[in-house]
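S.K.: Quick one: structure below, then a few questions.
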Amino acid sequence: MSEADPFTYDGGRVDPGETQNVRYTISETYMGDPVRMPVTIVNGDRPGPTMFLSAAAHGDELNGVEVVREVAHEWDHAGLEGTLVCLPVLNVPGFIAQQRYLPIYDRDLNRSFPGHESSTSARRMAYRIFNNFVEPCDIGLDFHTSTRGRTNMLHVRADMDDPEVSRLANSFASNVIIDSDGADGTLRREATERGIPTITVEMGEAHRFQRRLIDQALDGIASVLAEYAVHPTEPVNWPGWRTVVSAEQKTWIRADAGGLVDHHYESGELVEEGATICTISNPFKTDVVTVTAPFTGLLAGALENPVVYPGNPICHLVELDERTQRAYLRERSGTMPERPS
Ligand SMILES: [Zn+2]
């Protein structure tokens, strides 16, 4: 086996067998002080793939922050074959303000990659992040949550036409993968286009830590590390059921009336065609509007803040074929299907 290489970035170097916590300057404040992004680099004793784990590209999406912190600081990395680049908070100004966008002109950091060294403030930040900590990697995982006021079940978004991205997405072992190439300027798309297969993991709500989802994501990471033999002792997980959903197989169900929403299902539940997903009512509880499922599907995401204008999204419904429905029901009833050989 060949020797492991040091990990180098602008101004620093992390040798094999070494872990470094860095506060890396990505911008400056109005006061002229540095805006510094926390980075932990865990370089294993032995050579192997380099993988980035990033969170809070949207500053109020916190579940992934805890996921990345636990991998960096609570996992035992003895025997690691490769390097982990842990970026728990990408959008530092947004995180400090606890808002989605960069406070500077409300720019979306996750539309600013790969960035540019002499463009807008957002693109300069994106450039410092991308150039130093994304570009040297072989694969990447970027953690998000639903937008404020909504929630979603844990799922992966990935460009499944790309075999390397598909391998990464499958190894994360989520039940649902939404197949899409992602918008221009997202970390996932721009990294993938530059030969660094990257997936997005969507999990839960903004502004909170949701332990069950965090544990689920940690299992997914362990499975990815096993697939790429970064942590060779871990087994690759196989979910009890899986569905890969194209853009045509998912629908945002929108409200046709304004009012207060009473949900009959939770995110992650199967809804039968024709079943009442929710009702919308006015303050007098009269003129109740019933919203029914147009097809049998999984409630992948839902409104948390229970008020709507006509046209507002209520929930995200993902179509499941009959085989997947049966596997879903078997898993819910506690009988796990066999792992395919
Ligand atoms: Zn996000």
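Identifiers in the structure tokens: chain A, B, ... in order shown; residue index from 1 per chain; ligand index from 1 in order shown.
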With only C-alpha atoms and all ligand atoms counted, collect every polymer residue having an atom within 9 Å of ligand 1; state the result as a list in words.
M.R.: Ala55, Ala56, Ala57, His58, Gly59, Asp60, Glu61, Arg100, Asn110, Phe143, His144, Thr145, Ser146, Thr147, Glu202 and Ala206 of chain A
S.K.: If you keep N, CA and C atoms, can you produce a file of those selected residues as a short mmCIF file (atom, residue, chain, number, x, y, z; two decimals), in the first residue's frame?
M.R.:
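File out-v8.cif, as written:
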data_model
loop_
_atom_site.label_atom_id
_atom_site.label_comp_id
_atom_site.auth_asym_id
_atom_site.auth_seq_id
_atom_site.Cartn_x
_atom_site.Cartn_y
_atom_site.Cartn_z
N ALA A 55 -22.48 21.49 5.76
CA ALA A 55 -23.83 21.82 6.24
C ALA A 55 -23.99 23.32 6.33
N ALA A 56 -25.23 23.74 6.53
CA ALA A 56 -25.59 25.14 6.72
C ALA A 56 -25.09 26.06 5.59
N ALA A 57 -25.19 25.58 4.34
CA ALA A 57 -25.05 26.50 3.21
C ALA A 57 -26.20 27.49 3.29
N HIS A 58 -27.33 27.01 3.81
CA HIS A 58 -28.42 27.89 4.24
C HIS A 58 -28.30 28.01 5.76
N GLY A 59 -28.12 29.24 6.24
CA GLY A 59 -27.63 29.46 7.61
C GLY A 59 -28.52 28.97 8.73
N ASP A 60 -29.81 28.73 8.45
CA ASP A 60 -30.72 28.31 9.53
C ASP A 60 -31.03 26.81 9.48
N GLU A 61 -30.32 26.07 8.63
CA GLU A 61 -30.59 24.63 8.48
C GLU A 61 -29.60 23.85 9.35
N ARG A 100 -31.63 31.97 6.31
CA ARG A 100 -31.29 31.12 5.17
C ARG A 100 -30.18 31.74 4.30
N ASN A 110 -25.89 29.04 -1.73
CA ASN A 110 -26.02 27.79 -2.50
C ASN A 110 -26.51 28.01 -3.93
N PHE A 143 -25.47 18.69 3.50
CA PHE A 143 -26.67 18.48 4.31
C PHE A 143 -27.54 19.73 4.37
N HIS A 144 -28.82 19.52 4.12
CA HIS A 144 -29.82 20.61 4.16
C HIS A 144 -31.03 20.17 4.96
N THR A 145 -31.94 21.13 5.22
CA THR A 145 -33.27 20.81 5.75
C THR A 145 -34.27 21.50 4.84
N SER A 146 -35.52 21.30 5.14
CA SER A 146 -36.56 22.02 4.43
C SER A 146 -36.46 23.51 4.77
N THR A 147 -37.10 24.32 3.96
CA THR A 147 -37.16 25.76 4.23
C THR A 147 -37.99 26.02 5.49
N GLU A 202 -31.45 15.90 2.42
CA GLU A 202 -32.47 16.79 2.98
C GLU A 202 -33.02 16.11 4.23
N ALA A 206 -35.80 23.48 9.55
CA ALA A 206 -34.79 24.48 9.92
C ALA A 206 -34.93 24.79 11.41
#
S.K.: Distance table requested - stretch 184-300 of chain A against stretch 47-53 of chain A, cut-off 12 Å, only C-alpha atoms: one row per qualifying residue with the closest atom pair and its distance in Å to one decimal, ordered by chain and rising residue number, as CSV.
M.R.:
residue,atom,partner,partner_atom,distance
A:Leu187,CA,A:Phe52,CA,11.2
A:Arg188,CA,A:Phe52,CA,11.3
A:Ala191,CA,A:Phe52,CA,10.7
A:Ile196,CA,A:Met51,CA,9.2
A:Pro197,CA,A:Met51,CA,9.9
A:Thr198,CA,A:Phe52,CA,9.0
A:Ile199,CA,A:Leu53,CA,10.2
A:Thr200,CA,A:Leu53,CA,10.1
A:Val201,CA,A:Leu53,CA,10.5
A:Ala217,CA,A:Leu53,CA,11.4
A:Leu218,CA,A:Leu53,CA,11.3
A:Ile221,CA,A:Leu53,CA,9.2
A:Val224,CA,A:Met51,CA,10.0
A:Leu225,CA,A:Met51,CA,9.0
A:Ala226,CA,A:Pro49,CA,11.5
A:Glu227,CA,A:Pro49,CA,11.0
A:Tyr228,CA,A:Pro49,CA,7.3
A:Ala229,CA,A:Gly48,CA,7.7
A:Val230,CA,A:Gly48,CA,6.3
A:His231,CA,A:Gly48,CA,9.8
A:Pro232,CA,A:Gly48,CA,10.6
S.K.: Go through A:Ser166, A:Thr120, A:Ser27, A:Gln325 one by one, measure the shortest atom-to-atom distance of each to A:Arg107 using only C-alpha atoms, and give the residue with the smallest value.
M.R.: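 Closest to A:Arg107 of all the choices is A:Thr120.
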S.K.: Check the smallest atom-to-atom distance from each of A:Glu70, A:Glu28, A:Glu3, A:Asp106 to A:Pro16 using only C-alpha atoms, then report the winner.
M.R.: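 That would be A:Glu3, the residue with the smallest distance to A:Pro16.
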S.K.: Grab the atom CA of A:Leu329 to atom CA of A:Ser180 distance for me, in Å with one decimal place.
M.R.: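 Atom-to-atom, atom CA of A:Leu329 to atom CA of A:Ser180, that is 26.5 Å.
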S.K.: List every residue of stretch 170-311 of chain A that DSSP, applied to the backbone of this structure, assigns to helix (DSSP H, G or I), and report them as a ChimeraX atom specification.
M.R.: /A:170-171,187-193,211-227,247-249
S.K.: Using only C-alpha atoms, tabulate the residues of stretch 176-265 of chain A lying at most 12 Å from any atom of stretch 275-287 of chain A, each with its closest atom pair and that distance in Å to one decimal, by chain and increasing residue number, as a tab-separated table.
M.R.:
residue	atom	partner	partner_atom	distance
A:Ile253	CA	A:Ile277	CA	9.7
A:Arg254	CA	A:Cys278	CA	11.3
A:Ala255	CA	A:Ile280	CA	8.1
A:Asp256	CA	A:Ile280	CA	9.1
A:Ala257	CA	A:Ile280	CA	7.1
A:Gly258	CA	A:Ile280	CA	7.4
A:Gly259	CA	A:Asn282	CA	5.0
A:Leu260	CA	A:Ile280	CA	5.3
A:Val261	CA	A:Ile280	CA	4.6
A:Asp262	CA	A:Thr279	CA	5.3
A:His263	CA	A:Cys278	CA	4.3
A:His264	CA	A:Cys278	CA	5.2
A:Tyr265	CA	A:Ile277	CA	6.3
S.K.: Looking at only C-alpha atoms, which of A:Leu80, A:Ala183, A:Val67, A:Val85 is the one that sits closest to A:Asn132?
M.R.: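 Nearest candidate to A:Asn132 out of A:Leu80, A:Ala183, A:Val67, A:Val85: A:Val85.
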S.K.: Would you mind reading off the distance between atom CA of A:Ala4 and atom CA of A:His77, one decimal, in Å?
M.R.: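 Result for atom CA of A:Ala4 versus atom CA of A:His77: 14.9 Å, one decimal.
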S.K.: Quick one: of A:Ser121, A:Ser171, A:Asn237, A:Ser54, who's nearest to A:Pro88, counting only C-alpha atoms?
M.R.: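 Counting only C-alpha atoms, the residue closest to A:Pro88 is A:Ser54.
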S.K.: Do you have the atom CA of A:Gly240-atom CA of A:Val65 distance handy?
M.R.: 26.8 Å
S.K.: Taking only C-alpha atoms into account, which of A:Gly149, A:Thr192, A:Asp184, A:Gly79 comes nearest A:Ile314?
M.R.: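 Using only C-alpha atoms, the shortest distance to A:Ile314 belongs to A:Gly149.
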S.K.: For A:Tyr127, please output as a PyMOL selection string all residues within 9 Å (counting only C-alpha atoms; exclusion window: fewer than 2 positions along the same chain).
M.R.: chain A and resi 26+112-117+122-125+129-132
S.K.: Measuring atom to atom with only C-alpha atoms, identify which of A:Val307, A:Phe172, A:Val318, A:Val244 is nearest to A:Glu273.
M.R.: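 Among the listed residues, A:Val318 lies closest to A:Glu273.
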S.K.: Out of stretch 104-229 of chain A, which residues get strand (DSSP E or B) from DSSP, as an mmCIF file with N, CA, C and O atoms, in the first residue's frame?
M.R.:
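Below is the file that was written, out-v3.cif:
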data_model
loop_
_atom_site.group_PDB
_atom_site.id
_atom_site.type_symbol
_atom_site.label_atom_id
_atom_site.label_comp_id
_atom_site.auth_asym_id
_atom_site.auth_seq_id
_atom_site.Cartn_x
_atom_site.Cartn_y
_atom_site.Cartn_z
ATOM 1 N N ARG A 107 -28.253 37.220 -0.480
ATOM 2 C CA ARG A 107 -27.749 36.329 -1.519
ATOM 3 C C ARG A 107 -27.818 34.880 -1.051
ATOM 4 O O ARG A 107 -27.623 34.588 0.124
ATOM 5 N N ILE A 139 -15.342 12.824 -3.280
ATOM 6 C CA ILE A 139 -16.806 12.748 -3.177
ATOM 7 C C ILE A 139 -17.271 13.741 -2.112
ATOM 8 O O ILE A 139 -16.466 14.222 -1.298
ATOM 9 N N GLY A 140 -18.580 14.057 -2.125
ATOM 10 C CA GLY A 140 -19.083 15.012 -1.138
ATOM 11 C C GLY A 140 -20.532 14.781 -0.763
ATOM 12 O O GLY A 140 -21.329 14.270 -1.557
ATOM 13 N N LEU A 141 -20.839 15.165 0.490
ATOM 14 C CA LEU A 141 -22.204 15.108 1.009
ATOM 15 C C LEU A 141 -22.540 16.489 1.553
ATOM 16 O O LEU A 141 -21.804 17.017 2.390
ATOM 17 N N ASP A 142 -23.646 17.076 1.076
ATOM 18 C CA ASP A 142 -24.046 18.413 1.531
ATOM 19 C C ASP A 142 -25.405 18.295 2.228
ATOM 20 O O ASP A 142 -26.366 17.831 1.616
ATOM 21 N N PHE A 143 -25.465 18.694 3.496
ATOM 22 C CA PHE A 143 -26.669 18.482 4.309
ATOM 23 C C PHE A 143 -27.535 19.730 4.375
ATOM 24 O O PHE A 143 -27.046 20.830 4.661
ATOM 25 N N HIS A 144 -28.822 19.525 4.122
ATOM 26 C CA HIS A 144 -29.817 20.610 4.158
ATOM 27 C C HIS A 144 -31.029 20.169 4.959
ATOM 28 O O HIS A 144 -31.178 18.997 5.297
ATOM 29 N N ARG A 150 -41.544 24.512 6.939
ATOM 30 C CA ARG A 150 -41.873 23.217 6.339
ATOM 31 C C ARG A 150 -40.938 22.168 6.919
ATOM 32 O O ARG A 150 -39.923 22.484 7.514
ATOM 33 N N THR A 151 -41.303 20.910 6.698
ATOM 34 C CA THR A 151 -40.409 19.829 7.110
ATOM 35 C C THR A 151 -40.353 18.800 5.992
ATOM 36 O O THR A 151 -41.212 18.804 5.109
ATOM 37 N N ASN A 152 -39.335 17.937 5.983
ATOM 38 C CA ASN A 152 -39.336 16.827 5.038
ATOM 39 C C ASN A 152 -38.731 15.595 5.693
ATOM 40 O O ASN A 152 -38.015 15.695 6.691
ATOM 41 N N HIS A 155 -34.242 12.394 2.912
ATOM 42 C CA HIS A 155 -34.074 11.822 1.582
ATOM 43 C C HIS A 155 -32.833 12.410 0.908
ATOM 44 O O HIS A 155 -32.283 13.414 1.376
ATOM 45 N N VAL A 156 -32.435 11.737 -0.159
ATOM 46 C CA VAL A 156 -31.244 12.151 -0.908
ATOM 47 C C VAL A 156 -31.680 12.772 -2.223
ATOM 48 O O VAL A 156 -32.659 12.335 -2.827
ATOM 49 N N ARG A 157 -30.976 13.805 -2.649
ATOM 50 C CA ARG A 157 -31.169 14.342 -3.998
ATOM 51 C C ARG A 157 -29.865 14.146 -4.771
ATOM 52 O O ARG A 157 -28.796 14.504 -4.273
ATOM 53 N N ALA A 158 -30.001 13.570 -5.949
ATOM 54 C CA ALA A 158 -28.795 13.194 -6.687
ATOM 55 C C ALA A 158 -29.090 13.087 -8.170
ATOM 56 O O ALA A 158 -30.211 12.765 -8.557
ATOM 57 N N VAL A 176 -35.707 7.143 0.148
ATOM 58 C CA VAL A 176 -36.124 7.909 -1.025
ATOM 59 C C VAL A 176 -34.929 8.661 -1.612
ATOM 60 O O VAL A 176 -34.174 9.310 -0.875
ATOM 61 N N ILE A 177 -34.769 8.538 -2.935
ATOM 62 C CA ILE A 177 -33.785 9.341 -3.668
ATOM 63 C C ILE A 177 -34.558 10.126 -4.713
ATOM 64 O O ILE A 177 -35.304 9.524 -5.506
ATOM 65 N N ILE A 178 -34.439 11.421 -4.705
ATOM 66 C CA ILE A 178 -35.055 12.229 -5.758
ATOM 67 C C ILE A 178 -33.987 12.512 -6.808
ATOM 68 O O ILE A 178 -32.925 13.050 -6.505
ATOM 69 N N ASP A 179 -34.302 12.088 -8.035
ATOM 70 C CA ASP A 179 -33.343 12.169 -9.129
ATOM 71 C C ASP A 179 -33.459 13.536 -9.806
ATOM 72 O O ASP A 179 -34.465 13.818 -10.457
ATOM 73 N N THR A 198 -21.305 14.424 -5.854
ATOM 74 C CA THR A 198 -21.826 15.010 -4.617
ATOM 75 C C THR A 198 -23.332 14.821 -4.579
ATOM 76 O O THR A 198 -24.006 14.944 -5.599
ATOM 77 N N ILE A 199 -23.837 14.514 -3.387
ATOM 78 C CA ILE A 199 -25.284 14.408 -3.192
ATOM 79 C C ILE A 199 -25.720 15.387 -2.110
ATOM 80 O O ILE A 199 -24.911 15.821 -1.285
ATOM 81 N N THR A 200 -27.003 15.744 -2.146
ATOM 82 C CA THR A 200 -27.597 16.540 -1.082
ATOM 83 C C THR A 200 -28.425 15.612 -0.209
ATOM 84 O O THR A 200 -29.123 14.745 -0.733
ATOM 85 N N VAL A 201 -28.338 15.797 1.096
ATOM 86 C CA VAL A 201 -29.212 15.078 2.014
ATOM 87 C C VAL A 201 -30.155 16.105 2.624
ATOM 88 O O VAL A 201 -29.702 17.093 3.216
ATOM 89 N N GLU A 202 -31.453 15.901 2.422
ATOM 90 C CA GLU A 202 -32.475 16.785 2.981
ATOM 91 C C GLU A 202 -33.022 16.114 4.229
ATOM 92 O O GLU A 202 -33.370 14.932 4.188
#
